[in-house]
>>> print(open('final.csv').read())   # CSV, C-alpha atoms
chain,number,residue,atom,x,y,z
A,1,MET,CA,33.7,44.3,-29.4
A,2,THR,CA,33.8,40.5,-29.3
A,3,TYR,CA,35.1,38.6,-26.3
A,4,THR,CA,36.4,35.2,-26.9
A,5,MET,CA,37.3,31.9,-25.4
A,6,PRO,CA,39.8,29.8,-27.3
A,7,GLY,CA,38.2,29.0,-30.7
A,8,LYS,CA,34.7,30.4,-29.8
A,9,SER,CA,33.2,33.9,-29.8
A,10,TYR,CA,31.2,35.1,-26.8
A,11,ILE,CA,28.0,35.1,-28.9
A,12,GLU,CA,28.6,31.6,-30.4
A,13,ILE,CA,29.0,30.1,-26.9
A,14,HIS,CA,25.5,31.2,-25.8
A,15,ILE,CA,23.6,30.7,-29.0
A,16,ARG,CA,24.3,27.0,-28.5
A,17,ARG,CA,22.9,27.0,-25.0
A,18,LYS,CA,19.4,27.3,-23.7
A,19,GLY,CA,19.0,31.0,-24.7
A,20,TRP,CA,20.3,34.2,-23.3
A,21,LEU,CA,16.8,35.6,-22.2
A,22,TYR,CA,16.2,32.6,-19.9
A,23,MET,CA,19.5,32.5,-18.2
A,24,VAL,CA,20.5,34.1,-14.9
A,25,LYS,CA,22.9,36.8,-15.9
A,26,ILE,CA,25.7,37.4,-13.4
A,27,ILE,CA,28.2,40.3,-12.8
A,28,MET,CA,31.2,38.7,-11.3
A,29,VAL,CA,33.2,41.0,-9.0
A,30,GLY,CA,36.7,39.8,-8.5
A,31,CYS,CA,36.4,37.7,-11.7
A,32,ASN,CA,40.2,37.3,-12.2
A,33,GLY,CA,40.9,36.0,-8.7
A,34,ARG,CA,41.0,32.4,-7.7
A,35,MET,CA,37.3,32.2,-6.7
A,36,GLY,CA,36.2,34.3,-9.6
A,37,GLN,CA,37.9,31.9,-12.0
A,38,MET,CA,36.4,28.9,-10.2
A,39,ILE,CA,32.9,30.4,-10.6
A,40,THR,CA,33.6,31.1,-14.3
A,41,ASP,CA,34.4,27.4,-14.8
A,42,ILE,CA,31.3,26.3,-13.0
A,43,VAL,CA,29.1,28.7,-14.9
A,44,ASN,CA,30.5,27.6,-18.2
A,45,ASP,CA,29.1,24.1,-17.5
A,46,ASP,CA,25.7,25.3,-16.3
A,47,ASP,CA,23.1,26.0,-18.9
A,48,ASP,CA,20.9,28.1,-16.5
A,49,VAL,CA,23.5,30.8,-15.7
A,50,VAL,CA,25.9,33.0,-17.6
A,51,ILE,CA,28.5,35.6,-16.6
A,52,ALA,CA,27.4,38.8,-18.4
A,53,ALA,CA,30.4,40.9,-17.1
A,54,GLY,CA,33.3,40.8,-14.8
A,55,ILE,CA,34.8,43.4,-12.5
A,56,ASP,CA,38.5,43.3,-11.5
A,57,ILE,CA,41.2,46.0,-10.9
A,58,ILE,CA,43.6,43.6,-12.7
A,59,ASN,CA,42.5,42.7,-16.2
A,60,ASN,CA,45.1,40.2,-17.3
A,61,ARG,CA,43.0,37.2,-18.4
A,62,ASP,CA,41.3,36.2,-21.6
A,63,ASN,CA,37.8,35.8,-20.2
A,64,SER,CA,34.7,35.0,-22.3
A,65,TYR,CA,32.9,38.1,-21.1
A,66,PRO,CA,33.7,41.9,-20.9
A,67,VAL,CA,35.7,42.9,-17.8
A,68,PHE,CA,35.6,46.4,-16.3
A,69,THR,CA,38.3,47.7,-13.9
A,70,ASP,CA,35.7,50.0,-12.2
A,71,ILE,CA,32.2,48.8,-11.5
A,72,SER,CA,30.8,52.3,-12.2
A,73,ASP,CA,31.7,51.8,-15.8
A,74,CYS,CA,29.8,48.5,-16.1
A,75,ASP,CA,26.8,49.1,-18.4
A,76,VAL,CA,25.8,45.4,-18.9
A,77,THR,CA,22.3,44.2,-18.0
A,78,ALA,CA,22.4,41.6,-15.2
A,79,ASP,CA,20.1,39.7,-12.7
A,80,VAL,CA,22.6,39.2,-9.9
A,81,ILE,CA,26.0,40.4,-8.7
A,82,ILE,CA,28.4,37.9,-7.0
A,83,ASP,CA,31.1,39.8,-5.1
A,84,PHE,CA,34.1,37.7,-4.2
A,85,SER,CA,36.6,40.6,-4.0
A,86,SER,CA,38.2,42.2,-1.0
A,87,SER,CA,36.4,44.4,1.5
A,88,ASN,CA,38.1,47.5,0.0
A,89,GLY,CA,35.5,49.4,-2.0
A,90,ILE,CA,32.5,47.4,-0.7
A,91,GLU,CA,30.6,50.7,-0.3
A,92,GLU,CA,30.9,51.6,-4.0
A,93,ARG,CA,29.8,48.2,-5.0
A,94,MET,CA,26.7,48.3,-2.8
A,95,ASP,CA,25.9,51.8,-4.1
A,96,TYR,CA,26.0,50.3,-7.7
A,97,ALA,CA,23.7,47.4,-6.7
A,98,VAL,CA,21.2,49.9,-5.1
A,99,ASP,CA,21.4,52.3,-8.1
A,100,LYS,CA,20.9,49.5,-10.7
A,101,GLN,CA,18.5,47.5,-8.5
A,102,ILE,CA,20.5,44.3,-9.0
A,103,PRO,CA,20.4,41.7,-6.1
A,104,VAL,CA,23.9,41.2,-4.7
A,105,ILE,CA,25.6,38.2,-3.0
A,106,VAL,CA,28.3,39.5,-0.7
A,107,CYS,CA,31.1,36.9,-0.3
A,108,SER,CA,33.8,39.5,0.7
A,109,THR,CA,35.4,38.7,4.0
A,110,GLY,CA,37.0,40.9,6.7
A,111,LEU,CA,34.3,43.6,6.6
A,112,SER,CA,34.6,46.1,9.4
A,113,LYS,CA,31.6,46.9,11.6
A,114,GLU,CA,31.0,50.1,9.6
A,115,GLN,CA,31.1,48.2,6.3
A,116,SER,CA,28.8,45.5,7.7
A,117,ALA,CA,26.4,48.2,8.7
A,118,TYR,CA,26.6,49.7,5.2
A,119,VAL,CA,25.7,46.4,3.7
A,120,THR,CA,22.8,46.0,6.1
A,121,GLU,CA,21.5,49.5,5.3
A,122,ALA,CA,21.7,48.7,1.6
A,123,SER,CA,19.5,45.7,2.1
A,124,LYS,CA,16.6,48.0,2.8
A,125,LYS,CA,16.8,49.1,-0.8
A,126,VAL,CA,18.0,46.1,-2.7
A,127,ALA,CA,18.2,42.3,-2.1
A,128,VAL,CA,21.4,41.3,-0.3
A,129,LEU,CA,22.6,37.8,0.5
A,130,ARG,CA,25.5,37.5,2.9
A,131,SER,CA,26.8,34.3,4.6
A,132,ALA,CA,29.8,33.4,6.6
A,133,ASN,CA,30.3,30.4,4.3
A,134,MET,CA,28.8,29.8,0.9
A,135,SER,CA,29.1,26.0,1.0
A,136,LEU,CA,25.7,24.3,0.9
A,137,GLY,CA,27.0,21.6,3.2
A,138,ILE,CA,28.1,24.0,5.9
A,139,ASN,CA,24.8,25.8,5.8
A,140,LEU,CA,23.0,22.5,6.2
A,141,LEU,CA,25.3,21.7,9.1
A,142,MET,CA,24.2,24.9,10.8
A,143,LYS,CA,20.6,23.7,10.7
A,144,LEU,CA,21.6,20.2,12.0
A,145,VAL,CA,23.6,21.5,14.9
A,146,LYS,CA,20.7,23.7,16.0
A,147,GLU,CA,18.4,20.7,16.1
A,148,ALA,CA,21.1,18.6,17.9
A,149,ALA,CA,21.7,21.3,20.5
A,150,LYS,CA,18.0,21.6,21.2
A,151,LYS,CA,17.8,17.9,22.0
A,152,LEU,CA,21.1,17.3,23.7
A,153,ALA,CA,22.2,20.4,25.6
A,154,ASP,CA,19.7,20.0,28.4
A,155,ASN,CA,20.5,16.3,28.7
A,156,GLY,CA,24.0,16.7,29.9
A,157,PHE,CA,25.9,16.9,26.6
A,158,ASP,CA,28.9,19.3,26.4
A,159,ILE,CA,29.5,21.1,23.1
A,160,GLU,CA,32.9,21.7,21.4
A,161,ILE,CA,33.8,22.9,18.0
A,162,VAL,CA,37.1,22.0,16.3
A,163,GLU,CA,38.1,23.7,13.0
A,164,LYS,CA,41.1,22.9,10.9
A,165,HIS,CA,42.5,25.1,8.1
A,166,HIS,CA,45.7,25.5,6.0
A,167,ASN,CA,48.8,27.2,7.5
A,168,GLN,CA,48.3,30.4,5.6
A,169,LYS,CA,44.9,31.3,7.1
A,170,LEU,CA,45.3,34.5,9.2
A,171,ASP,CA,42.2,34.5,11.4
A,172,ALA,CA,41.4,32.0,14.2
A,173,PRO,CA,38.9,30.7,14.9
A,174,SER,CA,37.4,30.7,11.5
A,175,GLY,CA,34.3,32.8,10.7
A,176,THR,CA,32.5,29.6,10.0
A,177,ALA,CA,33.3,28.1,13.4
A,178,LEU,CA,31.9,31.3,15.0
A,179,ALA,CA,28.8,31.1,12.8
A,180,LEU,CA,28.3,27.5,14.0
A,181,ALA,CA,28.7,28.5,17.6
A,182,ASP,CA,26.3,31.4,17.1
A,183,SER,CA,23.7,29.1,15.6
A,184,ILE,CA,23.9,26.8,18.6
A,185,ASN,CA,23.9,29.6,21.1
A,186,GLU,CA,20.9,31.4,19.6
A,187,GLU,CA,19.0,28.1,19.7
A,188,LEU,CA,19.8,27.8,23.4
A,189,GLY,CA,18.9,31.3,24.5
A,190,ASP,CA,22.4,32.8,24.2
A,191,ARG,CA,23.4,31.3,27.6
A,192,TYR,CA,26.7,29.8,26.5
A,193,GLU,CA,30.1,31.4,27.0
A,194,TYR,CA,32.7,30.8,24.2
A,195,VAL,CA,36.0,29.4,25.5
A,196,TYR,CA,39.1,29.5,23.2
A,197,ASP,CA,41.9,28.6,25.5
A,198,ARG,CA,42.0,26.5,28.7
A,199,SER,CA,45.7,26.6,29.3
A,200,GLN,CA,45.7,29.5,31.8
A,201,VAL,CA,42.8,28.3,34.0
A,202,ARG,CA,43.0,25.2,36.2
A,203,LYS,CA,39.3,24.3,36.7
A,204,LYS,CA,36.7,21.9,35.5
A,205,ARG,CA,34.7,22.6,32.4
A,206,GLY,CA,31.6,24.6,33.1
A,207,LYS,CA,28.2,23.3,31.9
A,208,GLU,CA,27.5,26.3,29.8
A,209,GLU,CA,30.9,26.6,28.1
A,210,LEU,CA,31.2,26.2,24.4
A,211,GLY,CA,34.7,25.4,23.5
A,212,ILE,CA,36.2,26.5,20.1
A,213,SER,CA,39.6,25.2,19.0
A,214,ALA,CA,41.6,26.1,15.9
A,215,VAL,CA,44.2,23.9,14.1
A,216,ARG,CA,46.5,25.3,11.4
A,217,GLY,CA,48.6,23.2,9.2
A,218,GLY,CA,49.5,22.1,5.7
A,219,THR,CA,47.0,22.7,2.9
A,220,ILE,CA,43.8,21.8,4.7
A,221,THR,CA,41.0,23.5,2.8
A,222,GLY,CA,38.6,23.5,5.8
A,223,THR,CA,37.2,21.0,8.3
A,224,HIS,CA,34.6,21.7,11.0
A,225,ASP,CA,33.6,19.2,13.7
A,226,VAL,CA,30.8,20.0,16.1
A,227,ILE,CA,31.1,17.6,19.1
A,228,PHE,CA,28.3,16.7,21.5
A,229,ALA,CA,29.9,14.8,24.3
A,230,GLY,CA,27.6,13.1,26.8
A,231,THR,CA,28.0,10.4,29.4
A,232,ASP,CA,29.4,7.3,27.6
A,233,GLU,CA,28.5,8.5,24.1
A,234,VAL,CA,29.7,11.2,21.7
A,235,ILE,CA,28.0,12.5,18.6
A,236,THR,CA,30.1,14.4,16.0
A,237,LEU,CA,28.7,16.3,13.1
A,238,SER,CA,31.4,17.1,10.5
A,239,HIS,CA,31.9,19.0,7.3
A,240,MET,CA,35.1,18.6,5.2
A,241,ALA,CA,35.8,20.8,2.2
A,242,TYR,CA,38.2,19.2,-0.3
A,243,SER,CA,38.5,22.2,-2.5
A,244,ARG,CA,37.3,25.9,-2.6
A,245,ALA,CA,35.0,24.8,-5.4
A,246,VAL,CA,32.3,24.1,-2.9
A,247,PHE,CA,32.1,27.8,-2.0
A,248,ALA,CA,32.0,28.7,-5.7
A,249,LYS,CA,29.2,26.2,-6.4
A,250,GLY,CA,27.2,27.6,-3.4
A,251,SER,CA,27.4,31.1,-4.8
A,252,VAL,CA,26.1,30.0,-8.2
A,253,VAL,CA,23.1,28.2,-6.5
A,254,ALA,CA,22.6,31.4,-4.5
A,255,ALA,CA,22.6,33.5,-7.7
A,256,LYS,CA,19.7,31.4,-9.1
A,257,PHE,CA,17.8,31.9,-5.9
A,258,MET,CA,18.4,35.7,-5.7
A,259,LYS,CA,17.2,36.5,-9.2
A,260,GLY,CA,14.1,38.7,-9.0
A,261,LYS,CA,14.2,38.9,-5.1
A,262,GLY,CA,13.0,42.1,-3.5
A,263,ALA,CA,14.9,44.3,-1.0
A,264,GLY,CA,15.9,42.4,2.1
A,265,TYR,CA,18.7,40.7,3.9
A,266,TYR,CA,19.1,37.0,3.0
A,267,ASP,CA,21.5,34.2,3.9
A,268,MET,CA,22.2,30.7,2.7
A,269,ALA,CA,19.6,29.3,5.1
A,270,ASP,CA,17.0,31.0,2.9
A,271,VAL,CA,18.5,29.3,-0.2
A,272,LEU,CA,18.1,25.9,1.6
A,273,MET,CA,14.5,26.3,2.7
>>> encode(input="final.csv", output="structure tokens")
Amino acid sequence: MTYTMPGKSYIEIHIRRKGWLYMVKIIMVGCNGRMGQMITDIVNDDDDVVIAAGIDIINNRDNSYPVFTDISDCDVTADVIIDFSSSNGIEERMDYAVDKQIPVIVCSTGLSKEQSAYVTEASKKVAVLRSANMSLGINLLMKLVKEAAKKLADNGFDIEIVEKHHNQKLDAPSGTALALADSINEELGDRYEYVYDRSQVRKKRGKEELGISAVRGGTITGTHDVIFAGTDEVITLSHMAYSRAVFAKGSVVAAKFMKGKGAGYYDMADVLM
């Protein structure tokens, strides 16, 4: 069977590129979703990677690669799995990765505690990368806020995080805001208490409070500000995502990193090392 893009066969596309054997071959889970299609576009412009197969319960697009509605039916050789689908069925997908010994990048959100534990257990048998946010910039920000907190917290600086997202986002605060807070708190010995709402308590701010605020409106893709407020000076470290493509790009960079990795639990900080 030949899979085509407009005017080009699947084979023709890759004969003209660097060569199939040397490319990082990806199985894209959730290939027909918004993120899956963004990753497809990014991969098409990158000579070092190729999508070898897609997985999606809805197969209604003309992709340049074979698409399977059930991952257990996928018999395509690959180096890495990128999973941008829902949390439903994560166990089956992890079992597939373990069985085929293919490193997997877990981008699915909303995993339950039990599902997260399942992913962690699978990492003992196959390489697993999971991150609260796939953006390279956000993961660099996590490193920077750790360093800033170490220098500033004991010198009288209060720490606040403000995140802004579109009006359709269901969870608040964002997982990324919590990951930033956790990065800071771990660096400071887990002594900080997270405060999400000051409206019900009339008292001064405590020295070991870490405030987290959420703004929802319009079509904001995602903004995170980490504020270090001292006496007569304020330092703000910010990240602004102008499109979801930053998360897609990060997952492709992670796929290159994960090729050939042995069993273990990785995150985007490992990619940036």
>>> closest_residue(input="final.csv", among="A:Lys25, A:Arg244, A:Arg191, A:Lys169", to="Pro103 in chain A", atoms="only C-alpha atoms")
A:Lys25
>>> closest_residue(input="final.csv", among="A:Val128, A:Ile159, A:His224, A:His239", to="Glu209 in chain A", atoms="only C-alpha atoms")
A:Ile159
>>> residues_around(input="final.csv", residues="Leu140 in chain A", least_positions_apart="2", cutoff="10 Å", atoms="only C-alpha atoms", output="PyMOL selection string")
chain A and resi 135-138+142-145+239+268-269+272-273
>>> residues_around(input="final.csv", residues="range 81-97 of chain A", least_positions_apart="6", cutoff="7 Å", atoms="all atoms listed in the file", output="MDAnalysis selection string")
chainID A and resid 26:30 35:36 71:72 103:111 118:119 122
>>> atom_distance(input="final.csv", atom1="CA of Val226 in chain A", atom2="CA of Leu210 in chain A")
10.4 Å
>>> closest_residue(input="final.csv", among="A:Met23, A:Val126, A:Ala181, A:Gln37", to="Tyr265 in chain A", atoms="all atoms listed in the file")
A:Val126
>>> residues_around(input="final.csv", residues="range 50-58 of chain A", least_positions_apart="2", cutoff="8 Å", atoms="only C-alpha atoms", output="NGL selection string")
:A and (23-32 or 40 or 43-44 or 46-48 or 60 or 65-71 or 74 or 76-78)
>>> atom_distance(input="final.csv", atom1="CA of Gly206 in chain A", atom2="CA of Ala172 in chain A")
22.5 Å
>>> closest_residue(input="final.csv", among="A:Glu233, A:Glu163, A:Arg216, A:Ile42", to="Val253 in chain A", atoms="only C-alpha atoms")
A:Ile42
>>> closest_residue(input="final.csv", among="A:Lys125, A:His165, A:Lys259, A:Lys249", to="Ser213 in chain A", atoms="all atoms listed in the file")
A:His165
>>> closest_residue(input="final.csv", among="A:Asp190, A:Ser116, A:Asp62, A:Asn155", to="Thr231 in chain A", atoms="only C-alpha atoms")
A:Asn155
>>> atom_distance(input="final.csv", atom1="CA of Leu141 in chain A", atom2="CA of Lys164 in chain A")
15.9 Å
>>> residues_around(input="final.csv", residues="Met258 in chain A", least_positions_apart="2", cutoff="9 Å", atoms="only C-alpha atoms", output="PyMOL selection string")
chain A and resi 79-80+103-105+127-129+253-256+260-262+266+271
>>> axis_aligned_box(input="final.csv", around="range 245-250 of chain A", padding_each_side="6 Å", output="AutoDock Vina command-line options")
--center_x 31.1 --center_y 26.4 --center_z -4.2 --size_x 19.8 --size_y 16.6 --size_z 16.4
>>> residues_near_point(input="final.csv", point="(35.1, 28.9, 19.3)", cutoff="7 Å", atoms="only C-alpha atoms", output="list in words")
Ile161, Pro173, Ala177, Leu178, Ala181, Tyr194, Val195, Tyr196, Leu210, Gly211, Ile212 and Ser213 of chain A
>>> residues_around(input="final.csv", residues="Thr176 in chain A", least_positions_apart="2", cutoff="7 Å", atoms="only C-alpha atoms", output="PyMOL selection string")
chain A and resi 132-133+174+178-180
>>> build_atoms(input="final.csv", residues="range 21-40 of chain A", atoms="N, CA and C atoms", output="PDB file, in the coordinates of the input")
ATOM      1  N   LEU A  21      17.944  34.914 -22.949  1.00  0.00           N
ATOM      2  CA  LEU A  21      16.800  35.600 -22.200  1.00  0.00           C
ATOM      3  C   LEU A  21      16.443  34.785 -20.971  1.00  0.00           C
ATOM      4  N   TYR A  22      16.633  33.478 -20.979  1.00  0.00           N
ATOM      5  CA  TYR A  22      16.200  32.600 -19.900  1.00  0.00           C
ATOM      6  C   TYR A  22      17.238  32.313 -18.853  1.00  0.00           C
ATOM      7  N   MET A  23      18.450  32.781 -19.088  1.00  0.00           N
ATOM      8  CA  MET A  23      19.500  32.500 -18.200  1.00  0.00           C
ATOM      9  C   MET A  23      19.672  33.520 -17.102  1.00  0.00           C
ATOM     10  N   VAL A  24      20.181  33.124 -15.942  1.00  0.00           N
ATOM     11  CA  VAL A  24      20.500  34.100 -14.900  1.00  0.00           C
ATOM     12  C   VAL A  24      21.804  34.740 -15.229  1.00  0.00           C
ATOM     13  N   LYS A  25      21.753  36.049 -15.418  1.00  0.00           N
ATOM     14  CA  LYS A  25      22.900  36.800 -15.900  1.00  0.00           C
ATOM     15  C   LYS A  25      23.650  37.406 -14.668  1.00  0.00           C
ATOM     16  N   ILE A  26      24.935  37.101 -14.546  1.00  0.00           N
ATOM     17  CA  ILE A  26      25.700  37.400 -13.400  1.00  0.00           C
ATOM     18  C   ILE A  26      26.792  38.476 -13.703  1.00  0.00           C
ATOM     19  N   ILE A  27      26.962  39.467 -12.827  1.00  0.00           N
ATOM     20  CA  ILE A  27      28.200  40.300 -12.800  1.00  0.00           C
ATOM     21  C   ILE A  27      29.087  39.740 -11.766  1.00  0.00           C
ATOM     22  N   MET A  28      30.282  39.315 -12.176  1.00  0.00           N
ATOM     23  CA  MET A  28      31.200  38.700 -11.300  1.00  0.00           C
ATOM     24  C   MET A  28      32.282  39.666 -10.818  1.00  0.00           C
ATOM     25  N   VAL A  29      32.188  40.113  -9.568  1.00  0.00           N
ATOM     26  CA  VAL A  29      33.200  41.000  -9.000  1.00  0.00           C
ATOM     27  C   VAL A  29      34.334  40.225  -8.430  1.00  0.00           C
ATOM     28  N   GLY A  30      35.555  40.564  -8.850  1.00  0.00           N
ATOM     29  CA  GLY A  30      36.700  39.800  -8.500  1.00  0.00           C
ATOM     30  C   GLY A  30      36.863  38.593  -9.443  1.00  0.00           C
ATOM     31  N   CYS A  31      36.506  38.820 -10.711  1.00  0.00           N
ATOM     32  CA  CYS A  31      36.400  37.700 -11.700  1.00  0.00           C
ATOM     33  C   CYS A  31      37.795  37.098 -11.988  1.00  0.00           C
ATOM     34  N   ASN A  32      38.879  37.838 -11.821  1.00  0.00           N
ATOM     35  CA  ASN A  32      40.200  37.300 -12.200  1.00  0.00           C
ATOM     36  C   ASN A  32      40.934  36.674 -10.976  1.00  0.00           C
ATOM     37  N   GLY A  33      40.294  36.675  -9.821  1.00  0.00           N
ATOM     38  CA  GLY A  33      40.900  36.000  -8.700  1.00  0.00           C
ATOM     39  C   GLY A  33      40.594  34.517  -8.688  1.00  0.00           C
ATOM     40  N   ARG A  34      41.115  33.814  -7.704  1.00  0.00           N
ATOM     41  CA  ARG A  34      41.000  32.400  -7.700  1.00  0.00           C
ATOM     42  C   ARG A  34      39.503  31.927  -7.630  1.00  0.00           C
ATOM     43  N   MET A  35      38.710  32.551  -6.751  1.00  0.00           N
ATOM     44  CA  MET A  35      37.300  32.200  -6.700  1.00  0.00           C
ATOM     45  C   MET A  35      36.535  32.628  -7.900  1.00  0.00           C
ATOM     46  N   GLY A  36      36.868  33.801  -8.409  1.00  0.00           N
ATOM     47  CA  GLY A  36      36.200  34.300  -9.600  1.00  0.00           C
ATOM     48  C   GLY A  36      36.387  33.339 -10.789  1.00  0.00           C
ATOM     49  N   GLN A  37      37.589  32.806 -10.943  1.00  0.00           N
ATOM     50  CA  GLN A  37      37.900  31.900 -12.000  1.00  0.00           C
ATOM     51  C   GLN A  37      37.184  30.521 -11.808  1.00  0.00           C
ATOM     52  N   MET A  38      37.090  30.099 -10.542  1.00  0.00           N
ATOM     53  CA  MET A  38      36.400  28.900 -10.200  1.00  0.00           C
ATOM     54  C   MET A  38      34.886  29.014 -10.619  1.00  0.00           C
ATOM     55  N   ILE A  39      34.307  30.164 -10.259  1.00  0.00           N
ATOM     56  CA  ILE A  39      32.900  30.400 -10.600  1.00  0.00           C
ATOM     57  C   ILE A  39      32.720  30.468 -12.104  1.00  0.00           C
ATOM     58  N   THR A  40      33.660  31.084 -12.807  1.00  0.00           N
ATOM     59  CA  THR A  40      33.600  31.100 -14.300  1.00  0.00           C
ATOM     60  C   THR A  40      33.556  29.724 -14.852  1.00  0.00           C
TER      61      THR A  40
END
